[in-house]
$ cat entry.cif   # mmCIF, C-alpha atoms
data_data
#
loop_
_atom_site.label_atom_id
_atom_site.label_comp_id
_atom_site.auth_asym_id
_atom_site.auth_seq_id
_atom_site.Cartn_x
_atom_site.Cartn_y
_atom_site.Cartn_z
CA MET A 51 0.00 0.00 0.00
CA ALA A 52 2.89 2.37 0.71
CA ARG A 53 4.03 1.97 -2.89
CA VAL A 54 0.73 3.12 -4.36
CA LYS A 55 1.70 6.76 -3.89
CA THR A 56 4.31 6.46 -6.67
CA SER A 57 2.23 4.26 -8.98
CA LEU A 58 1.01 5.54 -12.33
CA HIS A 59 -2.58 4.77 -11.34
CA PHE A 60 -2.33 7.15 -8.42
CA THR A 61 -0.18 9.89 -9.92
CA VAL A 62 -1.16 9.79 -13.65
CA ARG A 63 2.52 10.59 -14.19
CA GLY A 64 2.44 9.23 -17.73
CA GLU A 65 0.20 12.10 -18.80
CA GLU A 66 2.23 14.55 -16.74
CA THR A 67 5.47 13.45 -18.39
CA LEU A 68 4.12 14.21 -21.85
CA MET A 69 2.48 17.46 -20.78
CA ARG A 70 5.73 18.71 -19.24
CA ILE A 71 7.51 18.07 -22.54
CA ARG A 72 4.87 19.79 -24.65
CA SER A 73 4.44 22.78 -22.35
CA ALA A 74 8.21 23.28 -21.86
CA HIS A 75 8.83 26.62 -20.10
CA ARG A 76 5.06 27.13 -19.74
CA TRP A 77 4.72 24.19 -17.34
CA PRO A 78 4.53 26.38 -14.19
CA ALA A 79 1.45 28.06 -15.68
CA VAL A 80 -0.05 24.79 -16.96
CA GLU A 81 0.55 22.66 -13.85
CA PRO A 82 -2.32 24.08 -11.73
CA ALA A 83 -4.79 23.42 -14.56
CA PHE A 84 -3.34 19.93 -15.05
CA ARG A 85 -3.74 19.15 -11.34
CA GLN A 86 -7.36 20.32 -11.41
CA ALA A 87 -8.32 18.49 -14.60
CA CYS A 88 -6.13 15.55 -15.64
CA ALA A 89 -4.81 14.65 -12.18
CA SER A 90 -8.33 14.39 -10.82
CA CYS A 91 -8.61 11.04 -12.63
CA HIS A 92 -6.08 9.34 -10.36
CA ALA A 93 -7.24 6.12 -8.69
CA SER A 94 -7.32 5.73 -4.93
CA CYS A 95 -7.67 2.36 -3.16
CA GLY A 96 -11.44 2.68 -2.99
CA ASP A 97 -11.78 3.46 -6.70
CA CYS A 98 -10.61 -0.06 -7.52
CA HIS A 99 -11.59 -2.15 -4.49
CA VAL A 100 -14.82 -0.61 -3.17
CA SER A 101 -16.62 1.56 -5.71
CA ARG A 102 -16.83 2.10 -9.43
CA ALA A 103 -15.04 5.06 -10.99
CA ARG A 104 -16.71 8.45 -10.87
CA SER A 105 -16.38 8.66 -14.66
CA ALA A 106 -18.73 5.65 -14.78
CA ARG A 107 -21.23 7.29 -12.40
CA GLY A 108 -19.63 5.72 -9.36
CA GLY A 109 -21.55 3.58 -6.92
CA LEU A 110 -20.50 0.84 -4.51
CA MET A 111 -19.67 -2.52 -6.08
CA ASP A 112 -20.86 -4.67 -3.18
CA GLY A 113 -21.98 -2.45 -0.37
CA HIS A 114 -19.03 -1.30 1.71
CA LEU A 115 -17.16 -4.57 1.31
CA PHE A 116 -13.54 -4.35 0.23
CA ALA A 117 -12.98 -6.67 -2.76
CA ARG A 118 -9.42 -8.03 -2.85
CA ARG A 119 -9.73 -8.88 -6.56
CA PRO A 120 -12.86 -7.16 -7.85
CA ALA A 121 -14.63 -8.16 -11.04
CA MET A 122 -12.80 -6.51 -13.90
CA GLU A 123 -16.06 -5.22 -15.40
CA GLN A 124 -16.64 -3.09 -12.30
CA ALA A 125 -13.05 -2.06 -11.59
CA CYS A 126 -10.67 -1.99 -14.57
CA GLY A 127 -13.49 -1.81 -17.10
CA THR A 128 -14.99 1.39 -15.72
CA CYS A 129 -11.86 3.52 -16.14
CA HIS A 130 -10.52 1.73 -19.21
CA GLY A 131 -13.94 1.30 -20.83
CA GLY A 132 -13.40 3.73 -23.70
CA ARG A 133 -10.85 1.73 -25.63
CA VAL A 134 -8.99 -1.17 -23.99
CA PHE A 135 -11.86 -2.96 -22.24
CA PRO A 136 -14.23 -3.06 -25.24
CA GLU A 137 -11.37 -4.42 -27.35
CA TYR A 138 -10.65 -7.17 -24.85
CA MET A 139 -14.29 -8.17 -24.42
CA GLY A 140 -15.13 -8.06 -28.14
CA ARG A 141 -17.53 -5.14 -27.89
CA ASN A 142 -16.29 -3.44 -31.05
CA GLU A 143 -18.95 -4.60 -33.49
CA GLY A 144 -17.73 -7.19 -35.95
CA PHE A 145 -14.55 -8.08 -34.04
CA PRO A 146 -14.09 -11.01 -31.63
CA PRO A 147 -12.85 -10.80 -28.05
CA ASP A 148 -9.16 -11.05 -27.32
CA VAL A 149 -8.09 -14.70 -27.50
CA HIS A 150 -6.91 -14.57 -23.87
CA TRP A 151 -10.48 -13.81 -22.78
CA GLN A 152 -12.30 -15.82 -25.43
CA LYS A 153 -10.42 -19.05 -24.78
CA GLY A 154 -8.79 -18.61 -21.38
CA LYS A 155 -11.20 -16.27 -19.55
CA MET A 156 -8.11 -14.48 -18.21
CA ASP A 157 -8.98 -11.35 -16.27
CA CYS A 158 -6.81 -8.22 -16.26
CA ALA A 159 -4.77 -9.32 -13.24
CA ALA A 160 -3.69 -12.48 -15.08
CA CYS A 161 -1.27 -10.35 -17.12
CA HIS A 162 -1.00 -7.19 -15.03
CA PRO A 163 0.62 -8.09 -11.69
CA VAL A 164 0.09 -6.27 -8.40
CA SER A 165 3.55 -4.74 -8.69
CA GLN A 166 2.38 -2.98 -11.85
CA LEU A 167 -1.09 -2.00 -10.65
CA HIS A 168 0.01 -0.82 -7.19
CA GLY A 169 3.50 0.23 -8.21
CA ASP A 170 6.81 -1.06 -6.92
CA GLY A 171 8.02 2.14 -5.27
CA THR A 172 9.69 3.54 -8.39
CA ALA A 173 8.33 6.77 -9.89
CA TYR A 174 8.25 5.62 -13.51
CA PRO A 175 7.78 8.35 -16.14
CA ASN A 176 5.26 6.30 -18.17
CA ARG A 177 3.75 2.83 -18.52
CA HIS A 178 6.37 1.65 -21.00
CA ALA A 179 9.08 2.09 -18.38
CA VAL A 180 7.42 -0.05 -15.70
CA ALA A 181 9.65 -3.03 -14.92
CA SER A 182 6.77 -5.44 -14.29
CA ARG A 183 4.71 -4.55 -17.35
CA PRO A 184 3.48 -7.64 -19.21
CA SER A 185 5.29 -8.89 -22.29
CA CYS A 186 4.06 -11.27 -24.99
CA LEU A 187 7.39 -13.08 -24.88
CA GLY A 188 7.11 -13.50 -21.14
CA CYS A 189 4.42 -16.15 -21.70
CA HIS A 190 5.32 -17.10 -25.29
CA PRO A 191 9.11 -17.46 -25.31
CA GLN A 192 8.87 -19.81 -28.30
CA ALA A 193 7.89 -16.80 -30.43
CA ARG A 194 11.33 -15.22 -30.10
CA ALA A 195 12.84 -14.58 -33.52
CA ALA A 196 16.04 -16.47 -32.75
CA GLY A 197 15.30 -20.12 -33.37
CA SER A 198 11.54 -19.67 -33.78
CA PRO A 199 9.87 -22.46 -35.79
CA VAL A 200 7.48 -19.87 -37.24
CA GLU A 201 8.95 -18.50 -40.48
CA GLN A 202 7.40 -15.05 -40.07
CA HIS A 203 8.97 -14.66 -36.62
CA ALA A 204 12.40 -15.62 -37.88
CA VAL A 205 12.18 -13.38 -40.99
CA HIS A 206 11.03 -10.24 -39.22
CA GLY A 207 13.35 -10.68 -36.26
CA ASP A 208 13.02 -7.79 -33.82
CA LYS A 209 11.86 -5.31 -36.44
CA ILE A 210 8.15 -5.39 -35.64
CA SER A 211 6.15 -5.77 -32.45
CA CYS A 212 3.88 -8.76 -31.93
CA VAL A 213 0.70 -6.68 -32.17
CA VAL A 214 1.36 -5.67 -35.80
CA CYS A 215 0.47 -9.19 -36.89
CA HIS A 216 -1.70 -10.40 -34.03
CA ALA A 217 -4.05 -7.50 -33.21
CA THR A 218 -7.30 -6.49 -34.87
CA VAL A 219 -8.63 -2.92 -35.18
CA TYR A 220 -8.81 -0.63 -32.15
CA ARG A 221 -10.41 2.69 -31.24
CA GLY A 222 -8.61 6.02 -31.45
CA CYS A 223 -9.81 9.45 -30.36
CA GLU A 224 -10.05 12.89 -31.95
CA ASN A 225 -10.59 16.24 -30.20
CA CYS A 226 -11.85 14.63 -26.98
CA HIS A 227 -10.15 17.31 -24.87
CA VAL A 228 -11.74 20.28 -26.63
CA GLY A 229 -15.41 19.36 -26.40
CA ALA A 230 -16.92 20.21 -29.77
CA GLY A 231 -16.03 17.74 -32.49
CA ALA A 232 -15.00 14.99 -30.09
CA LYS A 233 -15.23 11.59 -31.73
CA SER A 234 -13.66 8.16 -31.80
CA SER A 235 -13.21 5.71 -34.62
CA LEU A 236 -11.86 2.23 -35.28
CA GLN A 237 -8.39 2.34 -36.79
CA PHE A 238 -5.37 0.20 -37.64
CA LYS A 239 -2.12 1.94 -38.50
CA ILE A 240 1.40 0.56 -38.59
CA GLY A 241 4.11 3.13 -37.98
CA LYS A 242 7.55 3.67 -36.53
CA SER A 243 7.79 3.42 -32.78
CA ALA A 244 7.73 6.72 -30.89
CA ARG A 245 9.68 5.15 -28.02
CA PRO A 246 13.46 5.61 -27.94
CA ASP A 247 13.71 2.48 -25.78
CA ALA A 248 11.49 0.27 -27.93
CA PRO A 249 12.93 -3.16 -28.77
CA TYR A 250 11.41 -2.97 -32.27
CA LEU A 251 11.25 -0.52 -35.18
CA TYR A 252 7.60 -0.84 -36.23
CA THR A 253 4.48 -1.15 -34.14
CA LEU A 254 0.82 -0.13 -34.10
CA LEU A 255 0.02 3.51 -33.42
CA ARG A 256 -3.13 4.91 -31.85
CA HIS A 257 -4.22 8.52 -32.20
CA VAL A 258 -4.43 10.34 -28.88
CA PRO A 259 -6.66 13.41 -28.41
CA THR A 260 -4.04 15.97 -27.43
CA VAL A 261 -4.66 19.03 -29.57
CA ARG A 262 -2.62 22.20 -29.69
CA THR A 263 -5.39 24.41 -28.28
CA MET A 264 -6.73 22.13 -25.55
CA TRP A 265 -5.55 24.41 -22.70
CA ASP A 266 -6.72 27.67 -24.29
CA PRO A 267 -9.74 28.14 -21.97
CA LYS A 268 -7.36 28.22 -18.99
CA VAL A 269 -3.84 28.93 -20.30
CA LYS A 270 -3.11 30.59 -23.64
CA ASP A 271 -0.14 29.32 -25.66
CA ALA A 272 0.25 26.51 -23.17
CA MET A 273 2.21 24.11 -25.37
CA PRO A 274 5.03 25.87 -27.25
CA ALA A 275 6.73 22.48 -27.70
CA TYR A 276 3.60 20.71 -28.95
CA ASP A 277 5.49 19.22 -31.89
CA ALA A 278 8.10 17.59 -29.63
CA GLU A 279 5.88 14.54 -29.06
CA PRO A 280 3.80 12.57 -31.60
CA THR A 281 0.04 12.46 -31.33
CA TRP A 282 0.15 8.96 -32.84
CA LYS A 283 1.57 6.88 -29.99
CA ASP A 284 2.73 3.28 -29.54
CA THR A 285 -0.24 1.15 -28.55
CA VAL A 286 -0.76 -2.41 -27.39
CA PRO A 287 -4.34 -3.25 -28.37
CA HIS A 288 -6.09 -5.77 -26.15
CA ASN A 289 -7.62 -7.71 -29.04
CA ILE A 290 -4.98 -10.34 -29.78
CA GLN A 291 -5.76 -13.20 -32.16
CA ARG A 292 -3.51 -16.08 -33.21
CA LYS A 293 -4.68 -15.72 -36.80
CA THR A 294 -5.45 -12.37 -38.43
CA ALA A 295 -5.45 -10.92 -41.93
CA ARG A 296 -1.73 -10.13 -41.54
CA THR A 297 -0.79 -13.70 -40.64
CA ALA A 298 -2.53 -15.06 -43.74
CA SER A 299 0.01 -13.89 -46.31
CA CYS A 300 3.05 -11.66 -46.78
CA ASN A 301 1.14 -9.30 -49.06
CA ALA A 302 -1.45 -8.62 -46.40
CA CYS A 303 1.15 -6.07 -45.21
CA HIS A 304 3.69 -5.78 -48.02
CA GLY A 305 2.35 -3.40 -50.63
CA ASN A 306 -0.77 -2.64 -48.56
CA ALA A 307 -0.40 1.11 -48.09
CA ARG A 308 -3.82 1.40 -46.44
CA ILE A 309 -2.65 -0.03 -43.12
CA PHE A 310 0.47 2.14 -42.75
CA LEU A 311 0.48 5.63 -41.23
CA LYS A 312 1.64 7.79 -44.14
CA PRO A 313 2.39 11.54 -44.23
CA GLY A 314 -0.83 12.10 -46.18
CA ASP A 315 -2.89 10.52 -43.37
CA LEU A 316 -1.93 13.23 -40.89
CA ASN A 317 -4.01 16.17 -39.80
CA PRO A 318 -2.02 19.21 -41.09
CA ASN A 319 -2.04 20.68 -37.58
CA GLU A 320 -0.23 17.59 -36.31
CA ALA A 321 2.05 16.86 -39.25
CA ALA A 322 5.20 18.26 -37.65
CA ALA A 323 4.62 16.36 -34.41
CA ASN A 324 4.42 13.02 -36.20
CA GLN A 325 7.28 13.16 -38.67
CA THR A 326 9.26 10.55 -36.75
CA VAL A 327 6.52 7.91 -36.73
CA VAL A 328 5.11 7.99 -40.27
CA VAL A 329 6.14 5.43 -42.88
CA THR A 330 7.34 7.08 -46.08
CA THR A 331 8.25 3.90 -47.96
CA ILE A 332 5.74 1.06 -47.98
CA PRO A 333 7.34 -2.43 -48.00
CA SER A 334 7.13 -3.85 -51.53
CA ARG A 335 4.93 -6.79 -52.42
CA ARG A 336 6.42 -10.25 -52.14
#

$ encode --input "entry.cif" --output "structure tokens"
Amino acid sequence: MARVKTSLHFTVRGEETLMRIRSAHRWPAVEPAFRQACASCHASCGDCHVSRARSARGGLMDGHLFARRPAMEQACGTCHGGRVFPEYMGRNEGFPPDVHWQKGKMDCAACHPVSQLHGDGTAYPNRHAVASRPSCLGCHPQARAAGSPVEQHAVHGDKISCVVCHATVYRGCENCHVGAGAKSSLQFKIGKSARPDAPYLYTLLRHVPTVRTMWDPKVKDAMPAYDAEPTWKDTVPHNIQRKTARTASCNACHGNARIFLKPGDLNPNEAAANQTVVVTTIPSRR
């Protein structure tokens, strides 16, 4: 419990890390607004073990009883119900549940250990840096490129993340932080990783709703370094399938420009921010 105070669930430090970069020297002016708005979404003990999240209209899960491992629909699913949870449960129309749920009925805690959810005492800057974060290879070591019996694994080596071939479509957001025009849509875009520490070159990217003017009602010109971070970010969709359209043939990806994030796909207002993640040369057909 003492470690919770440094966990990402409690501090929302992942969002803060990015906002500090984008706001640069304006951070002292932006921080009070961030604490009032974004930081109000942090999770306390009761938000996971006693009651549903306020964003999901709250309410006690089972009276005042403290649930050691609450049902994921009432705990994880209430805060992560916009994108991740519907993917995992197969609630995006036309797409099946994640294979880990469909076949194994694995709940969130099966992959996300307590040391990740509660924190381990380290103030990590974002979720990708967490030492105990789950890894596909942690449970599927036979999929490692070196010596893998699967030809595609051996050919691609460490160039692409597992989700490029084994995920289905996922939901991205547009303008959610500016009110008018907020929307979400199903998407699937392969791009270059935005993470300097990523063990692969290509991964799936999800559009995040951070727009240049989102702080204008409270702080003008709040993000002078807006273009320092992409608005298409590395994502790990929770909709894994053993067989997908990409595993069917090489040309499902090679020569298929539609599924790559290209310069022409970008909103002009975000083009500069995403130059490092777009794919300018589509792999040729096999």

$ atom_distance --input "entry.cif" --atom1 "atom CA of A:His288" --atom2 "atom CA of A:Ser334"
28.7 Å

$ resolve_selection --input "entry.cif" --expression "the PyMOL selection byres ((chain A and resi 257) around 12)" --output "number ranges by chain"
A: 133, 220-226, 233-241, 254-256, 258-261, 280-285, 311, 315-317, 320, 324, 327

$ atom_distance --input "entry.cif" --atom1 "atom CA of A:Trp151" --atom2 "atom CA of A:Cys189"
15.1 Å

$ resolve_selection --input "entry.cif" --expression "the PyMOL selection byres ((chain A and resi 290-303) around 6)" --output "number ranges by chain"
A: 148-149, 215-217, 288-289, 304, 306, 335

$ atom_distance --input "entry.cif" --atom1 "atom CA of A:Gly131" --atom2 "atom CA of A:Pro287"
13.0 Å

$ closest_residue --input "entry.cif" --among "A:Tyr252, A:Ala321, A:Leu167, A:Val228" --to "A:Pro333" --atoms "only C-alpha atoms"
A:Tyr252

$ closest_residue --input "entry.cif" --among "A:Pro146, A:Arg63, A:Val80, A:Arg70" --to "A:Lys268" --atoms "all atoms listed in the file"
A:Val80

$ build_atoms --input "entry.cif" --residues "stretch 225-251 of chain A" --atoms "N, CA and C atoms" --output "compact mmCIF listing (two decimals), in the coordinates of the input"
# COMPACT_ATOMS: atom_id res chain seq x y z
N ASN A 225 -10.00 15.02 -30.79
CA ASN A 225 -10.59 16.24 -30.20
C ASN A 225 -11.35 16.01 -28.89
N CYS A 226 -11.09 14.90 -28.21
CA CYS A 226 -11.85 14.63 -26.98
C CYS A 226 -11.61 15.67 -25.89
N HIS A 227 -10.49 16.36 -25.92
CA HIS A 227 -10.15 17.31 -24.87
C HIS A 227 -10.57 18.74 -25.20
N VAL A 228 -11.28 18.93 -26.30
CA VAL A 228 -11.74 20.28 -26.63
C VAL A 228 -13.25 20.37 -26.76
N GLY A 229 -13.95 19.31 -26.40
CA GLY A 229 -15.41 19.36 -26.40
C GLY A 229 -16.00 19.19 -27.78
N ALA A 230 -16.28 20.27 -28.47
CA ALA A 230 -16.92 20.21 -29.77
C ALA A 230 -16.07 19.41 -30.75
N GLY A 231 -16.73 18.53 -31.48
CA GLY A 231 -16.03 17.74 -32.49
C GLY A 231 -15.39 16.48 -31.95
N ALA A 232 -15.59 16.20 -30.67
CA ALA A 232 -15.00 14.99 -30.09
C ALA A 232 -15.60 13.75 -30.74
N LYS A 233 -14.75 12.81 -31.10
CA LYS A 233 -15.23 11.59 -31.73
C LYS A 233 -14.17 10.50 -31.57
N SER A 234 -14.59 9.27 -31.78
CA SER A 234 -13.66 8.16 -31.80
C SER A 234 -13.97 7.30 -33.01
N SER A 235 -13.01 6.55 -33.45
CA SER A 235 -13.21 5.71 -34.62
C SER A 235 -12.29 4.50 -34.55
N LEU A 236 -12.70 3.42 -35.21
CA LEU A 236 -11.86 2.23 -35.28
C LEU A 236 -10.75 2.49 -36.29
N GLN A 237 -9.53 2.07 -35.93
CA GLN A 237 -8.39 2.34 -36.79
C GLN A 237 -7.38 1.20 -36.69
N PHE A 238 -6.47 1.16 -37.65
CA PHE A 238 -5.37 0.20 -37.64
C PHE A 238 -4.26 0.82 -38.47
N LYS A 239 -3.21 1.28 -37.80
CA LYS A 239 -2.12 1.94 -38.50
C LYS A 239 -0.76 1.44 -37.98
N ILE A 240 0.04 0.97 -38.91
CA ILE A 240 1.40 0.56 -38.59
C ILE A 240 2.31 1.77 -38.79
N GLY A 241 3.18 2.01 -37.85
CA GLY A 241 4.11 3.13 -37.98
C GLY A 241 5.40 2.84 -37.24
N LYS A 242 6.28 3.80 -37.24
CA LYS A 242 7.55 3.67 -36.53
C LYS A 242 7.31 3.97 -35.05
N SER A 243 7.99 3.23 -34.21
CA SER A 243 7.79 3.42 -32.78
C SER A 243 8.21 4.82 -32.34
N ALA A 244 7.41 5.40 -31.44
CA ALA A 244 7.73 6.72 -30.89
C ALA A 244 8.61 6.60 -29.65
N ARG A 245 8.91 5.38 -29.24
CA ARG A 245 9.68 5.15 -28.02
C ARG A 245 11.16 4.98 -28.32
N PRO A 246 12.01 5.78 -27.72
CA PRO A 246 13.46 5.61 -27.94
C PRO A 246 13.99 4.31 -27.37
N ASP A 247 13.26 3.72 -26.40
CA ASP A 247 13.71 2.48 -25.78
C ASP A 247 13.02 1.24 -26.34
N ALA A 248 12.25 1.39 -27.39
CA ALA A 248 11.49 0.27 -27.93
C ALA A 248 12.42 -0.81 -28.49
N PRO A 249 12.09 -2.07 -28.26
CA PRO A 249 12.93 -3.16 -28.77
C PRO A 249 12.62 -3.52 -30.23
N TYR A 250 11.79 -2.71 -30.89
CA TYR A 250 11.41 -2.97 -32.27
C TYR A 250 11.36 -1.65 -33.03
N LEU A 251 11.30 -1.72 -34.35
CA LEU A 251 11.25 -0.52 -35.18
C LEU A 251 9.82 -0.12 -35.51
